[in-house]
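The next block is final_20.txt, given as compact mmCIF, C-alpha atoms and all ligand atoms.
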```txt
# COMPACT_ATOMS: atom_id res chain seq x y z
CA MET A 23 -5.46 -28.56 -17.01
CA ARG A 24 -4.07 -26.06 -14.49
CA ALA A 25 -5.67 -24.79 -11.29
CA SER A 26 -4.61 -22.41 -8.54
CA VAL A 27 -2.91 -24.21 -5.66
CA ARG A 28 -3.33 -22.83 -2.13
CA LYS A 29 -1.74 -25.59 -0.02
CA TYR A 30 1.95 -26.41 -0.17
CA THR A 31 4.24 -29.07 1.27
CA SER A 32 7.15 -27.98 3.48
CA GLN A 33 9.62 -28.88 0.74
CA PRO A 34 11.57 -25.72 -0.13
CA VAL A 35 11.75 -24.23 -3.61
CA SER A 36 15.47 -24.03 -4.34
CA ASP A 37 17.15 -20.75 -5.25
CA GLU A 38 18.53 -22.50 -8.28
CA LEU A 39 15.10 -23.44 -9.66
CA LEU A 40 13.61 -20.06 -8.78
CA ASN A 41 16.46 -18.20 -10.47
CA THR A 42 16.19 -20.37 -13.60
CA LEU A 43 12.43 -19.75 -13.85
CA LEU A 44 12.75 -16.00 -13.31
CA GLU A 45 15.55 -15.74 -15.83
CA LYS A 46 13.54 -17.69 -18.43
CA ALA A 47 10.45 -15.58 -17.73
CA SER A 48 12.45 -12.41 -18.38
CA HIS A 49 12.48 -13.36 -22.08
CA THR A 50 8.81 -12.48 -22.30
CA GLN A 51 7.88 -9.40 -24.38
CA THR A 52 8.65 -6.06 -22.73
CA MET A 53 8.23 -2.40 -23.69
CA GLY A 54 11.26 -1.09 -25.54
CA ASN A 55 13.13 -4.09 -24.16
CA LEU A 56 13.40 -2.08 -20.94
CA GLN A 57 12.07 -4.76 -18.54
CA LEU A 58 9.98 -2.39 -16.45
CA TYR A 59 9.67 -4.73 -13.47
CA SER A 60 11.37 -6.04 -10.35
CA VAL A 61 10.48 -9.01 -8.22
CA VAL A 62 10.98 -9.16 -4.45
CA ILE A 63 11.44 -12.69 -3.06
CA THR A 64 10.18 -13.29 0.49
CA ARG A 65 11.20 -16.42 2.36
CA ASP A 66 11.73 -14.98 5.84
CA GLU A 67 8.86 -15.86 8.22
CA SER A 68 8.87 -12.47 9.92
CA MET A 69 8.67 -10.69 6.57
CA LYS A 70 5.73 -12.92 5.58
CA GLU A 71 4.07 -11.99 8.87
CA ARG A 72 4.46 -8.33 8.05
CA LEU A 73 3.02 -8.78 4.57
CA ALA A 74 0.12 -11.04 5.58
CA PRO A 75 -2.27 -8.25 6.73
CA ALA A 76 -1.93 -6.59 3.32
CA HIS A 77 -3.37 -9.81 1.88
CA PHE A 78 -6.15 -9.94 4.46
CA ASN A 79 -4.24 -12.75 6.20
CA GLN A 80 -5.07 -15.29 3.49
CA PRO A 81 -3.51 -18.53 4.81
CA MET A 82 -1.37 -19.13 1.72
CA VAL A 83 0.86 -16.20 2.65
CA MET A 84 2.21 -17.94 5.74
CA GLY A 85 1.68 -21.42 4.26
CA ALA A 86 3.83 -20.98 1.14
CA PRO A 87 7.61 -21.38 1.30
CA VAL A 88 8.06 -18.43 -1.07
CA LEU A 89 6.18 -15.22 -1.83
CA LEU A 90 7.00 -13.24 -4.92
CA THR A 91 5.95 -9.60 -5.14
CA PHE A 92 6.08 -8.42 -8.73
CA CYS A 93 6.59 -4.67 -8.92
CA ALA A 94 6.17 -2.23 -11.78
CA ASP A 95 9.56 -0.52 -11.90
CA PHE A 96 10.54 2.66 -13.70
CA ARG A 97 13.05 3.45 -10.93
CA ARG A 98 15.91 1.43 -12.44
CA THR A 99 15.38 2.83 -15.95
CA THR A 100 15.19 6.35 -14.51
CA ASP A 101 18.42 5.86 -12.55
CA TRP A 102 20.09 4.48 -15.65
CA ALA A 103 19.04 7.56 -17.61
CA LEU A 104 20.17 9.93 -14.86
CA ASN A 105 23.57 8.22 -14.84
CA ARG A 106 23.91 8.57 -18.60
CA GLN A 107 23.17 12.25 -19.19
CA ALA A 108 19.64 11.36 -20.33
CA ASN A 109 16.50 13.14 -19.15
CA PRO A 110 13.85 10.65 -17.95
CA GLY A 111 10.15 11.49 -18.09
CA TYR A 112 8.50 8.51 -16.43
CA ASN A 113 6.76 10.13 -13.48
CA ASN A 114 3.32 9.89 -15.07
CA ILE A 115 0.34 7.59 -15.24
CA LEU A 116 1.13 6.29 -18.74
CA SER A 117 4.51 5.08 -17.52
CA TYR A 118 2.80 3.43 -14.56
CA GLN A 119 0.46 1.63 -16.96
CA ASN A 120 3.32 0.51 -19.21
CA ALA A 121 5.37 -0.75 -16.27
CA ALA A 122 2.32 -2.54 -14.82
CA THR A 123 1.70 -4.22 -18.19
CA ASP A 124 5.33 -5.33 -18.43
CA THR A 125 5.19 -6.66 -14.88
CA LEU A 126 2.03 -8.70 -15.38
CA LEU A 127 3.37 -10.22 -18.60
CA PHE A 128 6.58 -11.19 -16.78
CA CYS A 129 4.57 -12.55 -13.85
CA GLN A 130 2.29 -14.62 -16.09
CA ARG A 131 5.23 -16.06 -18.01
CA PHE A 132 6.81 -17.00 -14.70
CA CYS A 133 3.54 -18.68 -13.62
CA ASP A 134 3.36 -20.74 -16.83
CA LEU A 135 6.95 -21.89 -16.46
CA ALA A 136 6.57 -22.67 -12.74
CA GLU A 137 3.38 -24.66 -13.27
CA ALA A 138 5.05 -26.58 -16.11
CA GLU A 139 7.76 -27.49 -13.59
CA GLY A 140 5.12 -28.97 -11.27
CA LEU A 141 5.08 -26.08 -8.79
CA GLY A 142 1.78 -24.84 -7.38
CA LEU A 143 0.90 -21.17 -7.10
CA CYS A 144 -1.82 -18.68 -6.38
CA PHE A 145 -2.12 -15.09 -7.63
CA LEU A 146 -3.01 -12.57 -4.90
CA GLY A 147 -4.94 -9.59 -6.24
CA THR A 148 -4.97 -8.16 -2.71
CA THR A 149 -1.59 -6.62 -3.61
CA VAL A 150 -3.35 -3.62 -5.14
CA TYR A 151 -5.91 -3.39 -2.33
CA ASN A 152 -3.36 -2.56 0.37
CA PRO A 153 -0.32 -1.37 -1.57
CA GLN A 154 1.07 1.07 1.01
CA LEU A 155 1.79 -1.60 3.62
CA ILE A 156 3.63 -3.62 0.96
CA ILE A 157 5.54 -0.54 -0.22
CA ASP A 158 6.63 0.26 3.35
CA THR A 159 7.52 -3.33 4.24
CA LEU A 160 9.55 -4.02 1.10
CA HIS A 161 11.07 -0.51 1.01
CA LEU A 162 9.83 0.09 -2.51
CA PRO A 163 11.26 3.39 -3.77
CA MET A 164 9.58 6.08 -5.85
CA LEU A 165 8.63 4.98 -9.39
CA THR A 166 8.03 1.39 -8.30
CA PHE A 167 4.68 -0.17 -7.43
CA PRO A 168 3.56 -3.65 -6.31
CA VAL A 169 1.10 -5.05 -8.84
CA ALA A 170 0.97 -8.79 -8.15
CA THR A 171 1.93 -11.31 -5.50
CA ILE A 172 2.35 -15.03 -6.12
CA THR A 173 2.40 -17.63 -3.36
CA LEU A 174 4.61 -20.48 -4.54
CA GLY A 175 5.47 -23.99 -3.40
CA TRP A 176 5.24 -27.69 -4.12
CA PRO A 177 1.52 -28.64 -4.18
CA ASP A 178 -0.06 -30.34 -1.19
CA GLU A 179 -3.46 -30.54 -2.90
CA LYS A 180 -4.76 -31.33 -6.35
CA PRO A 181 -7.68 -28.98 -6.94
CA GLN A 182 -10.14 -29.61 -9.74
CA PRO A 183 -9.84 -27.16 -12.64
CA SER A 184 -12.53 -24.52 -12.26
CA ASP A 185 -15.19 -23.77 -14.86
CA ARG A 186 -14.80 -21.15 -17.58
CA LEU A 187 -17.29 -19.33 -19.79
CA PRO A 188 -17.55 -20.82 -23.30
CA LEU A 189 -15.36 -19.36 -26.03
CA GLU A 190 -18.30 -17.46 -27.61
CA ALA A 191 -18.65 -15.47 -24.39
CA PHE A 192 -15.43 -13.53 -24.87
CA MET A 193 -14.64 -13.88 -28.58
CA HIS A 194 -15.96 -11.32 -31.06
CA GLN A 195 -15.62 -11.48 -34.83
CA GLU A 196 -14.60 -8.20 -36.47
CA THR A 197 -16.72 -5.99 -34.17
CA TYR A 198 -17.89 -6.26 -30.59
CA ALA A 199 -21.20 -8.13 -30.39
CA PRO A 200 -23.54 -6.74 -27.68
CA TYR A 201 -24.76 -9.05 -24.95
CA THR A 202 -28.52 -9.40 -25.28
CA THR A 203 -30.56 -10.90 -22.45
CA GLU A 204 -30.80 -14.18 -24.38
CA ARG A 205 -27.03 -14.34 -24.91
CA ILE A 206 -26.36 -13.64 -21.23
CA ASP A 207 -28.80 -16.42 -20.28
CA ALA A 208 -27.08 -18.86 -22.61
CA LEU A 209 -23.50 -17.90 -21.72
CA TYR A 210 -23.96 -18.01 -17.93
CA ALA A 211 -26.33 -21.02 -17.74
CA HIS A 212 -23.60 -23.57 -17.08
CA LYS A 213 -21.83 -21.48 -14.41
CA GLU A 214 -25.13 -20.78 -12.63
CA SER A 215 -26.12 -24.44 -12.69
CA LEU A 216 -22.97 -25.68 -10.92
CA PRO A 217 -23.81 -27.12 -7.48
CA GLU A 218 -20.99 -25.16 -5.75
CA ASN A 219 -22.30 -21.91 -7.18
CA GLN A 220 -25.89 -22.71 -6.23
CA HIS A 221 -24.57 -23.44 -2.75
CA PHE A 222 -22.93 -19.97 -2.62
CA VAL A 223 -26.23 -18.33 -3.50
CA GLU A 224 -28.02 -20.32 -0.84
CA ILE A 225 -25.63 -19.79 2.06
CA ASN A 226 -25.38 -16.11 1.30
CA LYS A 227 -29.18 -15.84 1.14
CA LYS A 228 -29.06 -14.20 -2.29
CA GLU A 229 -31.35 -14.57 -5.29
CA THR A 230 -28.69 -14.84 -7.97
CA LEU A 231 -25.01 -15.74 -8.30
CA ALA A 232 -24.28 -12.27 -9.66
CA GLN A 233 -25.55 -10.82 -6.36
CA VAL A 234 -22.94 -12.85 -4.48
CA PHE A 235 -20.31 -10.92 -6.45
CA THR A 236 -21.91 -7.45 -6.31
CA ASP A 237 -23.21 -7.56 -2.73
CA ILE A 238 -20.59 -9.67 -0.97
CA ARG A 239 -17.35 -10.41 -2.77
CA TYR A 240 -16.65 -7.19 -4.68
CA THR A 241 -18.95 -4.43 -3.44
CA ALA A 242 -19.18 -0.86 -4.73
CA GLU A 243 -18.27 0.53 -1.28
CA ALA A 244 -15.13 -1.58 -0.97
CA ASN A 245 -14.12 -0.90 -4.57
CA GLU A 246 -14.58 2.83 -4.16
CA ALA A 247 -12.67 2.97 -0.88
CA MET A 248 -9.81 0.86 -2.23
CA SER A 249 -9.74 2.89 -5.46
CA LEU A 250 -8.95 5.99 -3.39
CA THR A 251 -6.19 4.14 -1.55
CA LEU A 252 -4.77 2.81 -4.82
CA ASP A 253 -4.88 6.20 -6.49
CA GLU A 254 -3.16 7.84 -3.53
CA ALA A 255 -0.45 5.15 -3.37
CA ILE A 256 0.27 5.42 -7.11
CA ARG A 257 0.58 9.19 -6.70
CA ARG A 258 2.84 8.86 -3.65
CA GLN A 259 5.13 6.55 -5.59
CA GLY A 260 5.67 9.41 -8.01
CA PHE A 261 3.63 8.29 -11.00
CA GLN A 262 1.52 11.40 -11.47
CA GLY A 263 4.03 14.03 -12.27
CA ASN A 264 5.06 14.86 -8.72
CA PHE A 265 8.42 13.11 -8.68
CA SER A 266 10.77 15.51 -10.35
CA SER A 267 8.53 18.12 -11.92
CA GLY A 268 8.45 20.13 -8.70
CA LYS A 269 4.65 20.08 -8.57
CA LYS A 270 3.35 19.52 -5.08
CA ASN A 271 0.59 17.11 -4.08
CA PRO A 272 -2.58 18.99 -3.27
CA ARG A 273 -3.07 18.75 0.49
CA PRO A 274 -6.70 18.23 1.57
CA GLU A 275 -8.05 21.23 3.52
CA SER A 276 -8.72 19.04 6.51
CA LEU A 277 -6.61 16.10 7.65
CA GLU A 278 -7.38 13.65 10.41
CA CYS A 279 -4.94 14.13 13.23
CA ASP A 280 -3.67 12.02 16.13
CA ILE A 281 -2.40 13.64 19.28
CA VAL A 282 0.66 11.84 20.55
CA ARG A 283 1.84 12.81 24.02
CA PHE A 284 5.19 11.64 25.27
CA GLN A 285 7.84 12.26 27.83
CA ASN A 286 11.17 13.45 26.53
CA LYS A 287 13.81 13.70 29.23
CA LYS A 288 12.07 15.91 31.84
CA ASP A 289 9.57 17.58 29.55
CA ARG A 290 6.11 16.58 28.42
CA TRP A 291 5.73 16.84 24.71
CA VAL A 292 2.92 16.71 22.21
CA ALA A 293 2.89 15.86 18.53
CA PHE A 294 0.05 16.58 16.14
CA VAL A 295 0.36 13.96 13.43
CA GLY A 296 -1.74 14.71 10.34
CA LEU A 297 -2.82 11.48 8.62
CA LEU A 298 -3.77 10.76 5.05
CA ASN A 299 -5.22 7.27 4.57
CA GLY A 300 -3.92 6.34 8.02
CA ARG A 301 -0.33 7.25 7.18
CA PRO A 302 1.58 10.21 8.68
CA TYR A 303 1.48 13.10 6.22
CA GLU A 304 2.65 16.02 8.34
CA ILE A 305 3.76 16.65 11.89
CA PHE A 306 3.77 19.56 14.34
CA THR A 307 5.38 19.05 17.69
CA GLY A 308 6.66 20.85 20.75
CA ILE A 309 6.52 21.15 24.53
CA LEU A 310 3.11 20.78 26.14
CA ASP A 311 1.83 23.26 28.73
CA ASP A 312 4.47 25.82 27.93
CA ASP A 313 3.02 29.33 28.31
CA GLU A 314 3.79 29.89 24.69
CA GLY A 315 2.88 26.34 23.75
CA ILE A 316 -0.30 24.39 23.55
CA MET A 317 -2.94 23.50 26.13
CA ILE A 318 -5.34 20.73 25.20
CA PRO A 319 -7.61 18.73 27.51
CA LYS A 320 -6.11 15.39 28.53
CA SER A 321 -9.07 13.46 27.12
CA VAL A 322 -8.47 14.71 23.57
CA SER A 323 -6.55 12.19 21.50
CA ASN A 324 -7.52 13.14 17.97
CA GLY A 325 -9.06 15.81 15.81
CA HIS A 326 -8.35 17.52 12.53
CA ILE A 327 -5.64 19.80 11.19
CA LEU A 328 -7.21 22.47 9.00
CA ARG A 329 -5.15 24.35 6.50
CA ARG A 330 -6.30 27.88 5.78
CA VAL A 331 -4.93 30.11 3.06
CA LEU A 332 -4.89 33.70 4.36
CA LYS A 333 -5.61 36.82 2.30
CA ASP A 334 -1.92 37.52 1.80
CA GLY A 335 -1.49 34.02 0.34
CA SER A 336 0.31 32.67 3.43
CA ARG A 337 -0.95 29.47 5.07
CA ARG A 338 -2.01 28.80 8.61
CA TYR A 339 -2.57 25.43 10.26
CA ASP A 340 -5.26 25.12 12.96
CA PHE A 341 -6.11 22.20 15.19
CA GLN A 342 -9.79 21.40 15.69
CA PHE A 343 -11.25 18.88 18.12
CA THR A 344 -14.69 18.05 19.47
CA ASN A 345 -15.02 18.45 23.22
CA LYS A 346 -16.97 16.19 25.57
CA ARG A 347 -20.12 18.22 25.06
CA GLY A 348 -19.88 17.87 21.29
CA TYR A 349 -18.71 21.43 20.55
CA LYS A 350 -15.95 22.02 18.05
CA ILE A 351 -12.98 23.89 19.53
CA THR A 352 -10.31 25.32 17.27
CA ILE A 353 -6.78 26.17 18.33
CA GLU A 354 -5.49 28.60 15.78
CA GLY A 355 -2.01 28.85 14.36
CA LEU A 356 -0.31 25.55 15.24
CA SER A 357 2.69 26.76 13.33
CA GLU A 358 3.13 29.87 15.50
CA ARG A 359 2.71 28.06 18.80
CA PHE A 360 6.02 26.32 18.68
CA ASN A 361 9.61 27.45 18.46
CA PRO A 362 10.13 28.72 14.83
CA GLU A 363 13.17 26.49 14.48
CA TYR A 364 10.98 23.44 15.24
CA TRP A 365 8.51 24.69 12.68
CA ASN A 366 11.13 24.91 9.94
CA TYR A 367 12.37 21.39 10.59
CA ALA A 368 8.77 20.17 10.84
CA LYS A 369 8.18 21.53 7.34
CA LEU A 370 11.15 19.59 6.02
CA ILE A 371 10.07 16.36 7.71
CA SER A 372 6.47 16.81 6.55
CA GLY A 373 7.81 17.23 3.01
CA ILE A 374 9.57 13.86 3.23
CA LEU A 375 6.48 12.15 4.69
CA ARG A 376 4.30 13.56 1.95
CA TYR A 377 6.40 12.03 -0.79
CA GLY A 378 5.95 8.58 0.69
CA MET A 379 9.42 7.70 1.94
CA PRO A 380 9.03 4.48 4.00
CA LEU A 381 8.61 5.35 7.68
CA GLU A 382 11.62 3.32 8.77
CA ASN A 383 13.79 5.44 6.50
CA VAL A 384 12.20 8.70 7.64
CA ILE A 385 12.89 7.77 11.26
CA ALA A 386 16.45 6.68 10.46
CA LEU A 387 17.01 9.98 8.66
CA ILE A 388 15.57 12.06 11.51
CA SER A 389 17.54 10.13 14.10
CA SER A 390 20.76 10.72 12.17
CA LEU A 391 20.39 14.53 12.23
CA GLN A 392 23.14 16.14 14.32
CA LEU A 393 21.92 19.58 15.30
CA ASP A 394 23.69 22.35 17.14
CA SER A 395 21.50 22.95 20.14
CA ASP A 396 20.39 20.50 22.81
CA ASN A 397 16.87 21.82 22.34
CA MET A 398 16.84 20.82 18.70
CA ASN A 399 18.31 17.38 19.38
CA THR A 400 15.58 16.79 21.97
CA TRP A 401 12.99 17.92 19.46
CA VAL A 402 14.34 15.58 16.80
CA SER A 403 14.18 12.56 19.10
CA GLY A 404 10.60 13.59 20.01
CA VAL A 405 9.58 13.53 16.37
CA ALA A 406 11.22 10.15 15.84
CA LYS A 407 9.34 8.81 18.87
CA ALA A 408 6.02 10.14 17.65
CA LEU A 409 6.48 8.50 14.24
CA LYS A 410 7.68 5.13 15.58
CA ARG A 411 4.14 4.48 16.75
CA TYR A 412 2.98 4.28 13.12
CA MET A 413 5.76 1.90 12.21
CA LEU A 414 4.62 -0.43 14.99
CA GLN A 415 1.06 -0.23 13.76
CA ASN A 416 2.21 -1.58 10.43
CA SER A 417 3.98 -4.52 11.97
CA PRO A 418 2.30 -7.67 13.27
CA GLU A 419 3.00 -6.64 16.87
CA GLY A 420 1.26 -3.38 16.07
CA GLU A 421 -2.07 -4.55 17.43
CA ASN A 422 -0.64 -4.50 20.94
CA ALA A 423 1.91 -1.85 20.24
CA GLN A 424 4.08 -0.70 23.08
CA SER A 425 3.25 2.64 24.59
CA LEU A 426 5.49 5.41 23.39
CA GLU A 427 7.04 5.86 26.76
CA ASP A 428 8.51 2.35 26.46
CA ILE A 429 10.40 3.08 23.30
CA ASP A 430 14.07 3.79 23.73
CA ASP A 431 15.94 5.54 21.02
C1 LIG A 501 -6.42 -10.45 -10.48
C2 LIG A 501 -6.54 -11.73 -9.69
C3 LIG A 501 -6.69 -11.65 -8.31
C4 LIG A 501 -6.76 -12.83 -7.56
N1 LIG A 501 -6.78 -12.74 -6.20
C5 LIG A 501 -6.85 -13.87 -5.47
C6 LIG A 501 -6.80 -13.81 -4.06
O1 LIG A 501 -6.63 -12.74 -3.46
N2 LIG A 501 -6.92 -14.98 -3.36
C7 LIG A 501 -7.06 -16.19 -3.99
O2 LIG A 501 -7.18 -17.20 -3.30
N3 LIG A 501 -7.06 -16.28 -5.33
C8 LIG A 501 -6.96 -15.16 -6.09
N4 LIG A 501 -6.91 -15.25 -7.45
C9 LIG A 501 -7.03 -16.58 -8.11
C10 LIG A 501 -8.43 -16.77 -8.66
O3 LIG A 501 -9.35 -16.90 -7.59
C11 LIG A 501 -8.47 -18.01 -9.57
O4 LIG A 501 -7.54 -17.85 -10.61
C12 LIG A 501 -9.87 -18.21 -10.16
O5 LIG A 501 -10.81 -18.48 -9.16
C13 LIG A 501 -9.87 -19.35 -11.18
O6 LIG A 501 -9.39 -20.53 -10.57
P1 LIG A 501 -8.14 -21.32 -11.17
O7 LIG A 501 -6.95 -20.43 -11.15
O8 LIG A 501 -7.96 -22.50 -10.24
O9 LIG A 501 -8.47 -21.73 -12.56
C14 LIG A 501 -6.78 -14.10 -8.21
C15 LIG A 501 -6.62 -14.16 -9.60
C16 LIG A 501 -6.46 -12.99 -10.32
C17 LIG A 501 -6.20 -13.09 -11.80
```
As structure tokens, please, write out the structure in this file.
Amino acid sequence: MRASVRKYTSQPVSDELLNTLLEKASHTQTMGNLQLYSVVITRDESMKERLAPAHFNQPMVMGAPVLLTFCADFRRTTDWALNRQANPGYNNILSYQNAATDTLLFCQRFCDLAEAEGLGLCFLGTTVYNPQLIIDTLHLPMLTFPVATITLGWPDEKPQPSDRLPLEAFMHQETYAPYTTERIDALYAHKESLPENQHFVEINKKETLAQVFTDIRYTAEANEAMSLTLDEAIRRQGFQGNFSSGKKNPRPESLECDIVRFQNKKDRWVAFVGLLNGRPYEIFTGILDDDEGIMIPKSVSNGHILRRVLKDGSRRYDFQFTNKRGYKITIEGLSERFNPEYWNYAKLISGILRYGMPLENVIALISSLQLDSDNMNTWVSGVAKALKRYMLQNSPEGENAQSLEDIDD
């Protein structure tokens, strides 16, 4: 009987075997025969290092010779349609669900075939807990989404098969049979009696095994927080109608904001980087201390950007921070404080950030802009500098990220 394998020998898994297994797995059932999936193969150690935090640094990520990230993919089908005078409509949650179903079926078929070949593997559900880091690292475009990761290698352990509930627990004849207290007692008795499970209850100082799951392993707080992250990432990848329908994402009224100060040639600059779920969402930037610019106390490094809709329907962005004495101070009209040309470009760049383009690509795009005036070119390199900080945070070196002043263009 099979079991998940979490320790692997150093023997590589050949491209030839991997390709054969993936090709065979692709004959699994798939919606409309469209194959709504892609798989990203990771062998490079530095790429594994970048992915590991998304999987809470579970040791198998670095320990396995190969990682496979299975992604729901409506991108390819959409591109095919766009290249063939066809009008795709896959930027919605149903399409996400269909692509995710296709992907998991493909992934499971691959797992069966790989295990039959003697390979060992472990499914990492953490993929959907921290999807944005995976999306950024693997450069996953709009209309794709990581739904499963498999660590794969030749087994260096032979784990015992784990217990399962008896067949009656999950099989219903004709209609769904409710679970009475007596049935629950009977169905879970074996699992609860296992010494390893009793040990879990004991070391976690809980009364029941179920409490180990609800209070420690999968808590309401963690599930709720990660549901928000998941929902946001699915939306950013274009699966809720915001890809080509022209509808904009609703922007929260208040966004957390980092203040990034940096030196650009001779001038001191400041960037206000609005963050949604820790990721840059919008940016305002310009020269600090300019009479027309912005004065903020040196000690202030974060705050909030508030968006206000004025009576005439126009929008204004204010920066609010809490001073040392605990009072809220608001600087009104961030948009008017800076050169209007900066503001127009800032709007464009914020638009790109909002739609989830990977940061590396945003920075590459910004850095490639060739603008007429020196002023604008200086501004552009300032924005790129301010955003690089968030790219470093997402990389393993991010913990001790360089200061911005150290970064050369
Ligand atoms: C949705 C899902 C998420 C999982 N996530 C993890 C994980 O993050 N880490 C891990 O070690 N195992 C993970 N597993 C593997 C399960 O822990 C394992 O399948 C289960 O305990 C039964 O053990 P067995 O596969 O050896 O029969 C996951 C499995 C599934 C289906």
Mind dumping a table of every chain A residue within 6 Å of ligand LIG 501 (chain A), with the nearest atom pair and its distance in Å to one decimal, using all atoms listed in the file, sorted by chain and rising number, as a tab-separated table?
```
residue	atom	partner	partner_atom	distance
A:Ala25	CA	A:LIG501	O8	3.4
A:Ser26	CA	A:LIG501	O8	3.8
A:Cys144	CA	A:LIG501	N3	5.9
A:Phe145	CA	A:LIG501	N4	4.8
A:Leu146	CA	A:LIG501	O1	3.9
A:Gly147	CA	A:LIG501	C3	3.4
A:Thr148	CA	A:LIG501	O1	4.9
A:Pro183	CA	A:LIG501	O8	5.6
A:Ser184	CA	A:LIG501	O9	4.9
```
### Message
Residues proximal to (4.6, -3.1, -19.1) were defined as those with any atom within 12 Å of that point in the file's coordinates, counting only C-alpha atoms. Which are they, as a PyMOL selection string?
### Response
chain A and resi 50-60+92-96+116-129+169
### Residue with smallest distance to A:Ala86 - pool A:Val35, A:Leu297, A:Leu174, A:Met248, counting only C-alpha atoms
A:Leu174
### d(atom CA of A:Ile385, atom CA of A:Arg411) in Å
10.8 Å
### Task
For each of A:Glu382, A:Asp334, A:Glu358, A:Glu137, take the minimum atom-to-atom distance to A:Phe306, counting all atoms listed in the file, then give the residue where this is smallest.
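For A:Phe306, the nearest of the candidates is A:Glu358.
With distances taken from (-14.5, 14.2, 19.0) and restricted to only C-alpha atoms, the residues inside 9 Å are Val322, Ser323, Asn324, Gly325, Phe343, Thr344, Asn345, Lys346, Gly348, Tyr349 and Lys350 of chain A.
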### Task
Please identify all polymer residues within 9 Å of A:Ile115, counting all atoms listed in the file, omitting same-chain residues fewer than 4 positions from it, and present them as a list in words.
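Residues meeting the cut-off are Gln119, Asn120, Ile256, Arg257, Phe261, Gln262 and Gly263 of chain A.
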### Query
What does the distance from atom CA of A:Ile388 to atom CA of A:Glu278 come to in Å, to one decimal?
23.0 Å
Please fill the gaps in stretch 212-225 of chain A so it has N, CA and C atoms, and write that as a PDB file, in the coordinates of the input.
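Writing the result to part-v5.pdb gives the following:
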```pdb
ATOM      1  N   HIS A 212     -24.385 -22.484 -17.661  1.00  0.00           N
ATOM      2  CA  HIS A 212     -23.600 -23.570 -17.080  1.00  0.00           C
ATOM      3  C   HIS A 212     -23.024 -23.161 -15.715  1.00  0.00           C
ATOM      4  N   LYS A 213     -22.419 -21.963 -15.678  1.00  0.00           N
ATOM      5  CA  LYS A 213     -21.830 -21.480 -14.410  1.00  0.00           C
ATOM      6  C   LYS A 213     -22.891 -21.446 -13.309  1.00  0.00           C
ATOM      7  N   GLU A 214     -24.084 -20.935 -13.650  1.00  0.00           N
ATOM      8  CA  GLU A 214     -25.130 -20.780 -12.630  1.00  0.00           C
ATOM      9  C   GLU A 214     -25.720 -22.113 -12.173  1.00  0.00           C
ATOM     10  N   SER A 215     -25.534 -23.139 -13.038  1.00  0.00           N
ATOM     11  CA  SER A 215     -26.120 -24.440 -12.690  1.00  0.00           C
ATOM     12  C   SER A 215     -25.189 -25.274 -11.803  1.00  0.00           C
ATOM     13  N   LEU A 216     -23.920 -24.865 -11.676  1.00  0.00           N
ATOM     14  CA  LEU A 216     -22.970 -25.680 -10.920  1.00  0.00           C
ATOM     15  C   LEU A 216     -23.377 -25.763  -9.448  1.00  0.00           C
ATOM     16  N   PRO A 217     -23.353 -26.974  -8.873  1.00  0.00           N
ATOM     17  CA  PRO A 217     -23.810 -27.120  -7.480  1.00  0.00           C
ATOM     18  C   PRO A 217     -23.071 -26.190  -6.512  1.00  0.00           C
ATOM     19  N   GLU A 218     -21.735 -26.024  -6.713  1.00  0.00           N
ATOM     20  CA  GLU A 218     -20.990 -25.160  -5.750  1.00  0.00           C
ATOM     21  C   GLU A 218     -21.478 -23.718  -5.843  1.00  0.00           C
ATOM     22  N   ASN A 219     -21.827 -23.282  -7.042  1.00  0.00           N
ATOM     23  CA  ASN A 219     -22.300 -21.910  -7.180  1.00  0.00           C
ATOM     24  C   ASN A 219     -23.716 -21.745  -6.615  1.00  0.00           C
ATOM     25  N   GLN A 220     -24.546 -22.772  -6.821  1.00  0.00           N
ATOM     26  CA  GLN A 220     -25.890 -22.710  -6.230  1.00  0.00           C
ATOM     27  C   GLN A 220     -25.791 -22.686  -4.707  1.00  0.00           C
ATOM     28  N   HIS A 221     -24.799 -23.413  -4.186  1.00  0.00           N
ATOM     29  CA  HIS A 221     -24.570 -23.440  -2.750  1.00  0.00           C
ATOM     30  C   HIS A 221     -24.187 -22.044  -2.216  1.00  0.00           C
ATOM     31  N   PHE A 222     -23.321 -21.353  -2.979  1.00  0.00           N
ATOM     32  CA  PHE A 222     -22.930 -19.970  -2.620  1.00  0.00           C
ATOM     33  C   PHE A 222     -24.138 -19.065  -2.486  1.00  0.00           C
ATOM     34  N   VAL A 223     -25.031 -19.183  -3.482  1.00  0.00           N
ATOM     35  CA  VAL A 223     -26.230 -18.330  -3.500  1.00  0.00           C
ATOM     36  C   VAL A 223     -27.062 -18.620  -2.254  1.00  0.00           C
ATOM     37  N   GLU A 224     -27.179 -19.911  -1.954  1.00  0.00           N
ATOM     38  CA  GLU A 224     -28.020 -20.320  -0.840  1.00  0.00           C
ATOM     39  C   GLU A 224     -27.445 -19.854   0.507  1.00  0.00           C
ATOM     40  N   ILE A 225     -26.182 -20.136   0.733  1.00  0.00           N
ATOM     41  CA  ILE A 225     -25.630 -19.790   2.060  1.00  0.00           C
ATOM     42  C   ILE A 225     -25.549 -18.289   2.261  1.00  0.00           C
TER      43      ILE A 225
END
```
